[in-house]
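This is upload_37.txt. It holds compact mmCIF, C-alpha atoms.
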```txt
# COMPACT_ATOMS: atom_id res chain seq x y z
CA MET O 12 13.17 -28.64 -9.78
CA THR O 13 12.08 -29.05 -6.18
CA GLU O 14 8.77 -27.39 -5.40
CA TYR O 15 8.06 -25.52 -2.18
CA VAL O 16 4.83 -25.03 -0.28
CA LEU O 17 3.62 -21.58 0.70
CA ARG O 18 1.63 -21.32 3.91
CA PRO O 19 -0.50 -18.17 3.82
CA VAL O 20 -0.39 -16.32 7.14
CA GLY O 21 -3.59 -14.34 6.59
CA ARG O 22 -5.99 -12.85 4.06
CA VAL O 23 -6.90 -9.47 2.62
CA GLU O 24 -10.31 -8.06 3.52
CA SER O 25 -11.22 -5.52 0.86
CA GLU O 26 -14.16 -4.10 -1.01
CA LEU O 27 -12.35 -5.09 -4.23
CA THR O 28 -13.80 -8.32 -5.59
CA ASP O 29 -13.55 -8.05 -9.38
CA ARG O 30 -10.14 -8.45 -11.00
CA ALA O 31 -11.23 -6.69 -14.19
CA ALA O 32 -12.30 -3.61 -12.23
CA ALA O 33 -9.37 -3.60 -9.79
CA PRO O 34 -6.79 -0.82 -10.03
CA ARG O 35 -3.43 -1.95 -11.36
CA GLN O 36 -1.45 0.18 -8.95
CA PRO O 37 -2.22 1.66 -5.52
CA ASP O 38 -2.20 5.23 -6.88
CA GLU O 39 -5.00 4.34 -9.27
CA GLY O 40 -7.80 4.42 -6.72
CA ALA O 41 -7.09 1.40 -4.51
CA PRO O 42 -9.15 1.38 -1.30
CA ASP O 43 -7.97 0.98 2.27
CA ALA O 44 -8.10 -2.67 3.36
CA TRP O 45 -7.54 -4.98 6.32
CA LEU O 46 -4.93 -7.71 6.59
CA VAL O 47 -6.39 -10.44 8.79
CA PHE O 48 -3.72 -12.75 10.17
CA ASP O 49 -4.24 -16.20 11.56
CA ASP O 50 -3.96 -16.02 15.34
CA ARG O 51 -0.98 -18.37 15.38
CA TYR O 52 1.08 -15.64 13.69
CA LEU O 53 0.40 -12.96 16.31
CA PRO O 54 3.97 -13.22 17.68
CA ALA O 55 5.29 -12.40 14.21
CA LEU O 56 3.39 -9.07 14.26
CA ASP O 57 5.06 -7.88 17.46
CA GLY O 58 6.85 -4.63 16.64
CA LEU O 59 4.61 -3.68 13.72
CA THR O 60 3.29 -0.22 14.50
CA PRO O 61 0.91 2.24 12.83
CA GLY O 62 2.27 5.23 11.00
CA GLY O 63 4.95 3.65 8.84
CA ASP O 64 5.17 2.05 5.42
CA VAL O 65 5.79 -1.68 5.08
CA LEU O 66 6.26 -4.11 2.26
CA LEU O 67 3.40 -6.60 1.93
CA LEU O 68 3.78 -9.85 0.00
CA THR O 69 0.65 -11.58 -1.26
CA TRP O 70 -0.17 -14.58 -3.42
CA LEU O 71 -2.15 -13.49 -6.47
CA ASP O 72 -4.33 -16.57 -6.39
CA ARG O 73 -6.39 -15.55 -9.41
CA ALA O 74 -3.37 -15.17 -11.71
CA ASP O 75 -2.59 -17.45 -14.67
CA ARG O 76 0.70 -19.18 -13.90
CA ASP O 77 1.25 -20.47 -17.44
CA THR O 78 1.59 -17.01 -18.96
CA LEU O 79 5.22 -16.30 -19.90
CA ALA O 80 4.78 -13.21 -22.09
CA VAL O 81 2.21 -10.39 -22.18
CA ARG O 82 1.46 -7.02 -23.66
CA PRO O 83 2.06 -4.71 -20.68
CA ARG O 84 -1.19 -3.43 -19.15
CA GLY O 85 -3.09 -5.35 -21.83
CA ASP O 86 -2.28 -2.57 -24.31
CA ALA O 87 -2.43 -3.95 -27.88
CA ALA O 88 -0.11 -1.15 -29.03
CA ARG O 89 2.72 -2.41 -26.84
CA PRO O 90 5.04 -5.25 -27.88
CA VAL O 91 4.79 -8.72 -26.36
CA THR O 92 7.24 -8.81 -23.45
CA GLY O 93 8.47 -11.58 -21.18
CA VAL O 94 6.71 -11.47 -17.82
CA PHE O 95 10.04 -11.11 -15.99
CA ALA O 96 10.38 -7.70 -17.69
CA THR O 97 6.87 -6.60 -16.57
CA ARG O 98 4.84 -6.31 -13.39
CA ALA O 99 1.91 -8.28 -14.89
CA PRO O 100 0.15 -10.46 -12.29
CA ASP O 101 0.11 -13.47 -14.65
CA ARG O 102 3.50 -15.20 -14.17
CA PRO O 103 4.88 -18.55 -12.95
CA ASN O 104 4.99 -17.53 -9.28
CA PRO O 105 2.42 -14.74 -8.88
CA ILE O 106 3.74 -13.03 -5.78
CA GLY O 107 2.29 -9.56 -5.25
CA LEU O 108 4.48 -6.83 -3.78
CA HIS O 109 2.75 -3.85 -2.22
CA VAL O 110 4.17 -0.89 -0.31
CA VAL O 111 1.42 0.00 2.13
CA HIS O 112 1.01 2.54 4.90
CA VAL O 113 -0.07 0.98 8.21
CA LEU O 114 -3.08 2.86 9.60
CA ALA O 115 -3.80 0.66 12.62
CA VAL O 116 -2.84 -2.62 14.27
CA ALA O 117 -5.60 -4.34 16.29
CA GLY O 118 -4.46 -7.78 17.41
CA PRO O 119 -4.33 -9.95 14.30
CA ARG O 120 -5.95 -7.26 12.11
CA VAL O 121 -3.82 -4.64 10.37
CA HIS O 122 -5.46 -1.73 8.55
CA VAL O 123 -3.55 -0.45 5.53
CA ARG O 124 -4.00 2.36 3.03
CA ASN O 125 -4.53 1.99 -0.72
CA LEU O 126 -4.15 -1.73 -1.36
CA GLU O 127 -4.85 -2.95 -4.90
CA ALA O 128 -5.24 -6.64 -3.87
CA LEU O 129 -8.61 -8.38 -4.20
CA ASP O 130 -10.72 -9.50 -1.25
CA GLY O 131 -9.57 -12.90 -0.05
CA THR O 132 -6.04 -12.60 -1.44
CA PRO O 133 -3.67 -14.71 0.69
CA VAL O 134 -1.05 -12.80 2.67
CA LEU O 135 2.43 -14.35 2.62
CA ASP O 136 4.68 -11.96 4.47
CA VAL O 137 5.26 -8.44 5.77
CA LYS O 138 8.72 -6.86 5.80
CA PRO O 139 10.03 -3.41 6.73
CA LEU O 140 11.16 -1.28 3.82
CA LEU O 141 14.91 -1.63 3.61
CA THR O 142 16.67 1.00 5.68
CA ALA O 143 20.01 1.30 7.41
CA ASP O 144 18.54 -0.08 10.64
CA ARG O 145 17.10 -3.50 9.98
CA MET E 40 -5.72 -22.11 4.98
CA THR E 41 -5.13 -23.30 1.44
CA GLU E 42 -1.50 -23.92 0.62
CA TYR E 43 0.10 -22.99 -2.69
CA VAL E 44 2.98 -24.58 -4.56
CA LEU E 45 5.95 -22.53 -5.72
CA ARG E 46 7.66 -23.66 -8.89
CA PRO E 47 11.23 -22.34 -8.94
CA VAL E 48 12.15 -20.99 -12.39
CA GLY E 49 15.90 -21.17 -11.90
CA ARG E 50 18.78 -21.20 -9.42
CA VAL E 51 21.50 -18.91 -8.17
CA GLU E 52 25.09 -19.78 -9.07
CA SER E 53 27.34 -18.09 -6.56
CA GLU E 54 30.60 -18.53 -4.72
CA LEU E 55 28.61 -18.09 -1.47
CA THR E 56 27.93 -21.45 0.12
CA ASP E 57 27.95 -20.87 3.87
CA ARG E 58 24.97 -19.12 5.45
CA ALA E 59 26.93 -18.12 8.54
CA ALA E 60 29.54 -16.36 6.43
CA ALA E 61 27.13 -14.80 3.92
CA PRO E 62 26.63 -11.05 3.96
CA ARG E 63 23.26 -9.95 5.26
CA GLN E 64 22.84 -7.19 2.71
CA PRO E 65 24.28 -6.64 -0.77
CA ASP E 66 26.32 -3.64 0.35
CA GLU E 67 28.14 -5.83 2.85
CA GLY E 68 30.43 -7.54 0.33
CA ALA E 69 28.06 -9.73 -1.70
CA PRO E 70 29.69 -11.14 -4.84
CA ASP E 71 28.42 -11.01 -8.41
CA ALA E 72 26.40 -14.12 -9.28
CA TRP E 73 24.56 -15.86 -12.11
CA LEU E 74 20.84 -16.58 -12.27
CA VAL E 75 20.42 -19.77 -14.28
CA PHE E 76 16.88 -20.19 -15.56
CA ASP E 77 15.27 -23.38 -16.73
CA ASP E 78 15.08 -23.31 -20.54
CA ARG E 79 11.29 -23.47 -20.46
CA TYR E 80 11.22 -19.96 -19.00
CA LEU E 81 13.29 -18.34 -21.76
CA PRO E 82 10.18 -16.57 -23.18
CA ALA E 83 9.65 -14.92 -19.80
CA LEU E 84 13.13 -13.33 -20.00
CA ASP E 85 12.39 -11.57 -23.30
CA GLY E 86 12.82 -7.85 -22.71
CA LEU E 87 15.27 -8.20 -19.81
CA THR E 88 18.36 -6.21 -20.79
CA PRO E 89 21.74 -5.46 -19.21
CA GLY E 90 22.41 -2.13 -17.59
CA GLY E 91 19.33 -1.76 -15.41
CA ASP E 92 18.29 -2.72 -11.90
CA VAL E 93 15.63 -5.37 -11.33
CA LEU E 94 13.90 -6.90 -8.38
CA LEU E 95 14.79 -10.56 -7.85
CA LEU E 96 12.63 -12.87 -5.73
CA THR E 97 14.20 -16.01 -4.33
CA TRP E 98 13.18 -18.80 -1.97
CA LEU E 99 15.49 -18.87 1.06
CA ASP E 100 15.47 -22.64 1.22
CA ARG E 101 17.81 -22.82 4.21
CA ALA E 102 15.60 -20.63 6.41
CA ASP E 103 13.71 -21.86 9.48
CA ARG E 104 10.00 -21.41 8.77
CA ASP E 105 8.87 -21.92 12.35
CA THR E 106 10.63 -18.82 13.67
CA LEU E 107 8.11 -16.07 14.49
CA ALA E 108 10.30 -13.67 16.48
CA VAL E 109 14.02 -12.87 16.45
CA ARG E 110 16.62 -10.48 17.72
CA PRO E 111 17.40 -8.43 14.60
CA ARG E 112 20.76 -9.35 13.05
CA GLY E 113 21.26 -11.84 15.88
CA ASP E 114 22.27 -8.96 18.16
CA ALA E 115 21.67 -9.95 21.81
CA ALA E 116 21.41 -6.25 22.72
CA ARG E 117 18.32 -5.79 20.56
CA PRO E 118 14.82 -6.72 21.76
CA VAL E 119 12.98 -9.77 20.46
CA THR E 120 10.88 -8.60 17.54
CA GLY E 121 8.22 -10.27 15.40
CA VAL E 122 9.67 -11.41 12.09
CA PHE E 123 7.12 -9.30 10.17
CA ALA E 124 8.84 -6.24 11.67
CA THR E 125 12.30 -7.44 10.56
CA ARG E 126 14.09 -8.58 7.39
CA ALA E 127 15.35 -11.78 9.07
CA PRO E 128 15.47 -14.73 6.65
CA ASP E 129 13.82 -17.06 9.18
CA ARG E 130 10.04 -16.53 8.73
CA PRO E 131 6.95 -18.53 7.70
CA ASN E 132 7.37 -17.85 3.97
CA PRO E 133 11.07 -17.10 3.46
CA ILE E 134 10.94 -15.12 0.23
CA GLY E 135 14.12 -13.19 -0.49
CA LEU E 136 13.89 -9.77 -2.16
CA HIS E 137 16.99 -8.44 -3.86
CA VAL E 138 17.51 -5.34 -5.98
CA VAL E 139 20.23 -6.37 -8.41
CA HIS E 140 21.98 -4.69 -11.31
CA VAL E 141 21.89 -6.78 -14.51
CA LEU E 142 25.41 -7.09 -15.94
CA ALA E 143 24.68 -9.49 -18.81
CA VAL E 144 21.96 -11.70 -20.29
CA ALA E 145 23.17 -14.80 -22.14
CA GLY E 146 20.22 -17.01 -23.06
CA PRO E 147 18.91 -18.52 -19.84
CA ARG E 148 21.83 -17.13 -17.80
CA VAL E 149 21.65 -13.68 -16.25
CA HIS E 150 24.70 -12.15 -14.58
CA VAL E 151 23.93 -9.82 -11.68
CA ARG E 152 25.99 -7.63 -9.34
CA ASN E 153 26.28 -8.02 -5.56
CA LEU E 154 23.82 -10.78 -4.70
CA GLU E 155 23.74 -11.97 -1.07
CA ALA E 156 21.91 -15.26 -1.89
CA LEU E 157 23.65 -18.59 -1.38
CA ASP E 158 24.67 -20.90 -4.22
CA GLY E 159 21.73 -23.07 -5.26
CA THR E 160 19.06 -20.70 -3.94
CA PRO E 161 15.86 -21.18 -5.98
CA VAL E 162 14.81 -18.22 -8.14
CA LEU E 163 11.07 -17.47 -8.05
CA ASP E 164 10.59 -14.32 -10.09
CA VAL E 165 12.13 -11.22 -11.61
CA LYS E 166 10.24 -7.93 -11.80
CA PRO E 167 11.16 -4.42 -12.95
CA LEU E 168 11.50 -1.87 -10.22
CA LEU E 169 8.27 0.03 -10.05
CA THR E 170 8.29 3.05 -12.36
CA ALA E 171 5.68 5.11 -14.14
CA ASP E 172 6.01 2.95 -17.25
CA ARG E 173 5.25 -0.63 -16.43
```

Would you write the structure of this file as C-alpha cells?
Amino acid sequence: MTEYVLRPVGRVESELTDRAAAPRQPDEGAPDAWLVFDDRYLPALDGLTPGGDVLLLTWLDRADRDTLAVRPRGDAARPVTGVFATRAPDRPNPIGLHVVHVLAVAGPRVHVRNLEALDGTPVLDVKPLLTADR
Amino acid sequence: MTEYVLRPVGRVESELTDRAAAPRQPDEGAPDAWLVFDDRYLPALDGLTPGGDVLLLTWLDRADRDTLAVRPRGDAARPVTGVFATRAPDRPNPIGLHVVHVLAVAGPRVHVRNLEALDGTPVLDVKPLLTADR
C-alpha cells in the first residue's frame, strides 16, 4: 500500500526521558510539559487559547512498529491481545492521542498539563475536542 | 525535523466518493462502511469484537497539507482560524479521528456504523476508547 510521510510540526519538552519510568496515562503522575512548534506553523496556532482542553497527536518515536499483539500493560496475567484492541504504544503506526489542558500559549510554545509523552516526542497535530461548534 | 513514514494497515470501503458531498461529521448522514485490513495485520485485530465503539484513525489522503488557517466549515461569516484550533481536514498532518460503532468483524473486514471517510481512505490504526481498563 502507498506510504505517507508525516512532517512533525513541533516537539514535546518534558522532564520525562525514560520510557520504562513514564506514566502510562496522564492521571498516573504525568508532569506538565511544553509543546514547542516550529515557527513556520505559528499561523496554525492562531485561535488556540489557554484554559481549554485540546486533543494532541504525537508520534511515539520510541515504539516498536512490528508488534501486532501484546499483553495489556505488560501484565503476564492478561491474555495476548491484538494491538488494535489495546492502547499499547507498540503498534504499526504509533500515533499518541492525549487530551491536555492548555495552561499558556506563548508564541510557538504551548504549556500543557499532565502530558505522559517523553521529552523530544514529535508533535503531529492539535485539534479541538469534538463539540457542536467546530 | 525528522520525517516519519506511515504504513497504512487497510482501507475504507464506502459509498462516499466525493469530498464535496461528504458529511463533515458522522451525525450528518454518514453511511455504514467496511474497514478492509491487509491480511498481515490480522493478529492485530484479535480481541476486536462487535457491539462496542472504537476510535479509528485514518489518513485523509485528499487533504491539502499546506493549509495553516481556514474559515471553519468553509463559512465566510466565521473568522480565519489556525487549523490547530479547528477540525478542518486540511492541515499539515491530516489524520482523521472517528468514533465508530463496530457492527461486525469478518476476518480482515470490519463493518462500522456512520463513517464520514471517503472510499479508499487509508486506515492507520484502531484503538479502544479510553476507559479504566485498558

If we count all atoms listed in the file, which residues of chain E reach to within 9 Å of chain O? Please list them as a PyMOL selection string. chain E and resi 40-49+77+80-88+93+96+98+100+106-108+111-112+119-127+130-134+161+163-169+173

Store the residues picked out above in a file with C-alpha atoms, as a compact mmCIF listing (two decimals), in the frame of the given file.
```txt
# COMPACT_ATOMS: atom_id res chain seq x y z
CA MET E 40 -5.72 -22.11 4.98
CA THR E 41 -5.13 -23.30 1.44
CA GLU E 42 -1.50 -23.92 0.62
CA TYR E 43 0.10 -22.99 -2.69
CA VAL E 44 2.98 -24.58 -4.56
CA LEU E 45 5.95 -22.53 -5.72
CA ARG E 46 7.66 -23.66 -8.89
CA PRO E 47 11.23 -22.34 -8.94
CA VAL E 48 12.15 -20.99 -12.39
CA GLY E 49 15.90 -21.17 -11.90
CA ASP E 77 15.27 -23.38 -16.73
CA TYR E 80 11.22 -19.96 -19.00
CA LEU E 81 13.29 -18.34 -21.76
CA PRO E 82 10.18 -16.57 -23.18
CA ALA E 83 9.65 -14.92 -19.80
CA LEU E 84 13.13 -13.33 -20.00
CA ASP E 85 12.39 -11.57 -23.30
CA GLY E 86 12.82 -7.85 -22.71
CA LEU E 87 15.27 -8.20 -19.81
CA THR E 88 18.36 -6.21 -20.79
CA VAL E 93 15.63 -5.37 -11.33
CA LEU E 96 12.63 -12.87 -5.73
CA TRP E 98 13.18 -18.80 -1.97
CA ASP E 100 15.47 -22.64 1.22
CA THR E 106 10.63 -18.82 13.67
CA LEU E 107 8.11 -16.07 14.49
CA ALA E 108 10.30 -13.67 16.48
CA PRO E 111 17.40 -8.43 14.60
CA ARG E 112 20.76 -9.35 13.05
CA VAL E 119 12.98 -9.77 20.46
CA THR E 120 10.88 -8.60 17.54
CA GLY E 121 8.22 -10.27 15.40
CA VAL E 122 9.67 -11.41 12.09
CA PHE E 123 7.12 -9.30 10.17
CA ALA E 124 8.84 -6.24 11.67
CA THR E 125 12.30 -7.44 10.56
CA ARG E 126 14.09 -8.58 7.39
CA ALA E 127 15.35 -11.78 9.07
CA ARG E 130 10.04 -16.53 8.73
CA PRO E 131 6.95 -18.53 7.70
CA ASN E 132 7.37 -17.85 3.97
CA PRO E 133 11.07 -17.10 3.46
CA ILE E 134 10.94 -15.12 0.23
CA PRO E 161 15.86 -21.18 -5.98
CA LEU E 163 11.07 -17.47 -8.05
CA ASP E 164 10.59 -14.32 -10.09
CA VAL E 165 12.13 -11.22 -11.61
CA LYS E 166 10.24 -7.93 -11.80
CA PRO E 167 11.16 -4.42 -12.95
CA LEU E 168 11.50 -1.87 -10.22
CA LEU E 169 8.27 0.03 -10.05
CA ARG E 173 5.25 -0.63 -16.43
```

Point-to-point distance in Å for atom CA of Val116 of chain O and atom CA of Asp50 of chain O: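 Result for atom CA of Asp50 of chain O versus atom CA of Val116 of chain O: 13.5 Å, one decimal.
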
Contact residues around Pro42 of chain O with only C-alpha atoms at 12 Å, ignoring same-chain residues under 6 positions, as a VMD selection string: chain O and resid 23 to 28 33 to 34 36 111 to 112 122 to 130

Let me see the file: selected residues, C-alpha atoms, as a PDB file, keeping the file's coordinate frame.
```pdb
ATOM      1  CA  VAL O  23      -6.900  -9.470   2.620  1.00  0.00           C
ATOM      2  CA  GLU O  24     -10.310  -8.060   3.520  1.00  0.00           C
ATOM      3  CA  SER O  25     -11.220  -5.520   0.860  1.00  0.00           C
ATOM      4  CA  GLU O  26     -14.160  -4.100  -1.010  1.00  0.00           C
ATOM      5  CA  LEU O  27     -12.350  -5.090  -4.230  1.00  0.00           C
ATOM      6  CA  THR O  28     -13.800  -8.320  -5.590  1.00  0.00           C
ATOM      7  CA  ALA O  33      -9.370  -3.600  -9.790  1.00  0.00           C
ATOM      8  CA  PRO O  34      -6.790  -0.820 -10.030  1.00  0.00           C
ATOM      9  CA  GLN O  36      -1.450   0.180  -8.950  1.00  0.00           C
ATOM     10  CA  VAL O 111       1.420   0.000   2.130  1.00  0.00           C
ATOM     11  CA  HIS O 112       1.010   2.540   4.900  1.00  0.00           C
ATOM     12  CA  HIS O 122      -5.460  -1.730   8.550  1.00  0.00           C
ATOM     13  CA  VAL O 123      -3.550  -0.450   5.530  1.00  0.00           C
ATOM     14  CA  ARG O 124      -4.000   2.360   3.030  1.00  0.00           C
ATOM     15  CA  ASN O 125      -4.530   1.990  -0.720  1.00  0.00           C
ATOM     16  CA  LEU O 126      -4.150  -1.730  -1.360  1.00  0.00           C
ATOM     17  CA  GLU O 127      -4.850  -2.950  -4.900  1.00  0.00           C
ATOM     18  CA  ALA O 128      -5.240  -6.640  -3.870  1.00  0.00           C
ATOM     19  CA  LEU O 129      -8.610  -8.380  -4.200  1.00  0.00           C
ATOM     20  CA  ASP O 130     -10.720  -9.500  -1.250  1.00  0.00           C
TER      21      ASP O 130
END
```

For atom CA of Ala74 of chain O and atom CA of Gly107 of chain O, quote the distance in Å rounded to one decimal.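 Taking atom CA of Ala74 of chain O as the start and atom CA of Gly107 of chain O as the end point, the length is 10.3 Å.
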
Atom CA of Gly63 of chain O to atom CA of His137 of chain E: how many Å, to one decimal?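 Pair atom CA of Gly63 of chain O / atom CA of His137 of chain E returns 21.3 Å.
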
Where atoms are lacking, segment 77-88 of chain E completed to all heavy atoms, as a PDB file, keeping the file's coordinate frame:
```pdb
ATOM      1  N   ASP E  77      15.648 -22.207 -15.954  1.00  0.00           N
ATOM      2  CA  ASP E  77      15.270 -23.380 -16.730  1.00  0.00           C
ATOM      3  C   ASP E  77      14.884 -22.927 -18.141  1.00  0.00           C
ATOM      4  O   ASP E  77      14.223 -21.894 -18.309  1.00  0.00           O
ATOM      5  CB  ASP E  77      14.066 -24.049 -16.033  1.00  0.00           C
ATOM      6  CG  ASP E  77      13.753 -25.412 -16.611  1.00  0.00           C
ATOM      7  OD1 ASP E  77      13.213 -25.466 -17.738  1.00  0.00           O
ATOM      8  OD2 ASP E  77      14.035 -26.411 -15.942  1.00  0.00           O
ATOM      9  N   ASP E  78      15.299 -23.709 -19.141  1.00  0.00           N
ATOM     10  CA  ASP E  78      15.080 -23.310 -20.540  1.00  0.00           C
ATOM     11  C   ASP E  78      13.616 -23.000 -20.835  1.00  0.00           C
ATOM     12  O   ASP E  78      13.317 -22.174 -21.689  1.00  0.00           O
ATOM     13  CB  ASP E  78      15.573 -24.398 -21.488  1.00  0.00           C
ATOM     14  CG  ASP E  78      17.092 -24.393 -21.614  1.00  0.00           C
ATOM     15  OD1 ASP E  78      17.719 -23.384 -21.223  1.00  0.00           O
ATOM     16  OD2 ASP E  78      17.645 -25.399 -22.100  1.00  0.00           O
ATOM     17  N   ARG E  79      12.707 -23.683 -20.139  1.00  0.00           N
ATOM     18  CA  ARG E  79      11.290 -23.470 -20.460  1.00  0.00           C
ATOM     19  C   ARG E  79      10.842 -22.040 -20.175  1.00  0.00           C
ATOM     20  O   ARG E  79       9.800 -21.619 -20.662  1.00  0.00           O
ATOM     21  CB  ARG E  79      10.426 -24.488 -19.708  1.00  0.00           C
ATOM     22  CG  ARG E  79      10.015 -24.057 -18.335  1.00  0.00           C
ATOM     23  CD  ARG E  79       9.290 -25.130 -17.573  1.00  0.00           C
ATOM     24  NE  ARG E  79      10.252 -26.123 -17.063  1.00  0.00           N
ATOM     25  CZ  ARG E  79       9.941 -27.109 -16.231  1.00  0.00           C
ATOM     26  NH1 ARG E  79       8.685 -27.262 -15.831  1.00  0.00           N
ATOM     27  NH2 ARG E  79      10.857 -27.954 -15.802  1.00  0.00           N
ATOM     28  N   TYR E  80      11.611 -21.321 -19.360  1.00  0.00           N
ATOM     29  CA  TYR E  80      11.220 -19.960 -19.000  1.00  0.00           C
ATOM     30  C   TYR E  80      11.907 -18.883 -19.844  1.00  0.00           C
ATOM     31  O   TYR E  80      11.772 -17.697 -19.563  1.00  0.00           O
ATOM     32  CB  TYR E  80      11.459 -19.716 -17.504  1.00  0.00           C
ATOM     33  CG  TYR E  80      10.602 -20.621 -16.643  1.00  0.00           C
ATOM     34  CD1 TYR E  80      11.158 -21.667 -15.921  1.00  0.00           C
ATOM     35  CD2 TYR E  80       9.220 -20.456 -16.607  1.00  0.00           C
ATOM     36  CE1 TYR E  80      10.361 -22.526 -15.163  1.00  0.00           C
ATOM     37  CE2 TYR E  80       8.421 -21.299 -15.858  1.00  0.00           C
ATOM     38  CZ  TYR E  80       9.002 -22.337 -15.142  1.00  0.00           C
ATOM     39  OH  TYR E  80       8.205 -23.185 -14.405  1.00  0.00           O
ATOM     40  N   LEU E  81      12.631 -19.315 -20.885  1.00  0.00           N
ATOM     41  CA  LEU E  81      13.290 -18.340 -21.760  1.00  0.00           C
ATOM     42  C   LEU E  81      12.329 -17.259 -22.272  1.00  0.00           C
ATOM     43  O   LEU E  81      12.684 -16.071 -22.288  1.00  0.00           O
ATOM     44  CB  LEU E  81      13.955 -19.054 -22.943  1.00  0.00           C
ATOM     45  CG  LEU E  81      15.437 -19.396 -22.756  1.00  0.00           C
ATOM     46  CD1 LEU E  81      15.910 -20.301 -23.884  1.00  0.00           C
ATOM     47  CD2 LEU E  81      16.275 -18.127 -22.689  1.00  0.00           C
ATOM     48  N   PRO E  82      11.077 -17.628 -22.689  1.00  0.00           N
ATOM     49  CA  PRO E  82      10.180 -16.570 -23.180  1.00  0.00           C
ATOM     50  C   PRO E  82       9.880 -15.501 -22.124  1.00  0.00           C
ATOM     51  O   PRO E  82       9.589 -14.352 -22.470  1.00  0.00           O
ATOM     52  CB  PRO E  82       8.901 -17.330 -23.552  1.00  0.00           C
ATOM     53  CG  PRO E  82       9.345 -18.736 -23.786  1.00  0.00           C
ATOM     54  CD  PRO E  82      10.488 -18.974 -22.839  1.00  0.00           C
ATOM     55  N   ALA E  83       9.951 -15.873 -20.868  1.00  0.00           N
ATOM     56  CA  ALA E  83       9.650 -14.920 -19.800  1.00  0.00           C
ATOM     57  C   ALA E  83      10.776 -13.909 -19.607  1.00  0.00           C
ATOM     58  O   ALA E  83      10.589 -12.859 -18.992  1.00  0.00           O
ATOM     59  CB  ALA E  83       9.380 -15.652 -18.494  1.00  0.00           C
ATOM     60  N   LEU E  84      11.972 -14.230 -20.135  1.00  0.00           N
ATOM     61  CA  LEU E  84      13.130 -13.330 -20.000  1.00  0.00           C
ATOM     62  C   LEU E  84      13.198 -12.307 -21.119  1.00  0.00           C
ATOM     63  O   LEU E  84      14.018 -11.373 -21.064  1.00  0.00           O
ATOM     64  CB  LEU E  84      14.430 -14.152 -19.994  1.00  0.00           C
ATOM     65  CG  LEU E  84      14.691 -14.967 -18.736  1.00  0.00           C
ATOM     66  CD1 LEU E  84      15.860 -15.933 -18.958  1.00  0.00           C
ATOM     67  CD2 LEU E  84      15.008 -14.037 -17.568  1.00  0.00           C
ATOM     68  N   ASP E  85      12.356 -12.466 -22.137  1.00  0.00           N
ATOM     69  CA  ASP E  85      12.390 -11.570 -23.300  1.00  0.00           C
ATOM     70  C   ASP E  85      12.091 -10.138 -22.869  1.00  0.00           C
ATOM     71  O   ASP E  85      11.022  -9.866 -22.310  1.00  0.00           O
ATOM     72  CB  ASP E  85      11.367 -12.055 -24.328  1.00  0.00           C
ATOM     73  CG  ASP E  85      11.463 -11.270 -25.620  1.00  0.00           C
ATOM     74  OD1 ASP E  85      12.571 -10.879 -25.999  1.00  0.00           O
ATOM     75  OD2 ASP E  85      10.405 -11.056 -26.240  1.00  0.00           O
ATOM     76  N   GLY E  86      13.019  -9.244 -23.101  1.00  0.00           N
ATOM     77  CA  GLY E  86      12.820  -7.850 -22.710  1.00  0.00           C
ATOM     78  C   GLY E  86      13.717  -7.472 -21.532  1.00  0.00           C
ATOM     79  O   GLY E  86      13.832  -6.294 -21.186  1.00  0.00           O
ATOM     80  N   LEU E  87      14.314  -8.468 -20.904  1.00  0.00           N
ATOM     81  CA  LEU E  87      15.270  -8.200 -19.810  1.00  0.00           C
ATOM     82  C   LEU E  87      16.613  -7.841 -20.439  1.00  0.00           C
ATOM     83  O   LEU E  87      17.159  -8.627 -21.221  1.00  0.00           O
ATOM     84  CB  LEU E  87      15.402  -9.441 -18.932  1.00  0.00           C
ATOM     85  CG  LEU E  87      16.095  -9.255 -17.587  1.00  0.00           C
ATOM     86  CD1 LEU E  87      15.210  -8.462 -16.633  1.00  0.00           C
ATOM     87  CD2 LEU E  87      16.412 -10.616 -16.972  1.00  0.00           C
ATOM     88  N   THR E  88      17.148  -6.669 -20.117  1.00  0.00           N
ATOM     89  CA  THR E  88      18.360  -6.210 -20.790  1.00  0.00           C
ATOM     90  C   THR E  88      19.405  -5.785 -19.767  1.00  0.00           C
ATOM     91  O   THR E  88      19.074  -5.374 -18.648  1.00  0.00           O
ATOM     92  CB  THR E  88      18.052  -5.008 -21.698  1.00  0.00           C
ATOM     93  OG1 THR E  88      17.318  -4.037 -20.949  1.00  0.00           O
ATOM     94  CG2 THR E  88      17.230  -5.444 -22.904  1.00  0.00           C
TER      95      THR E  88
END
```
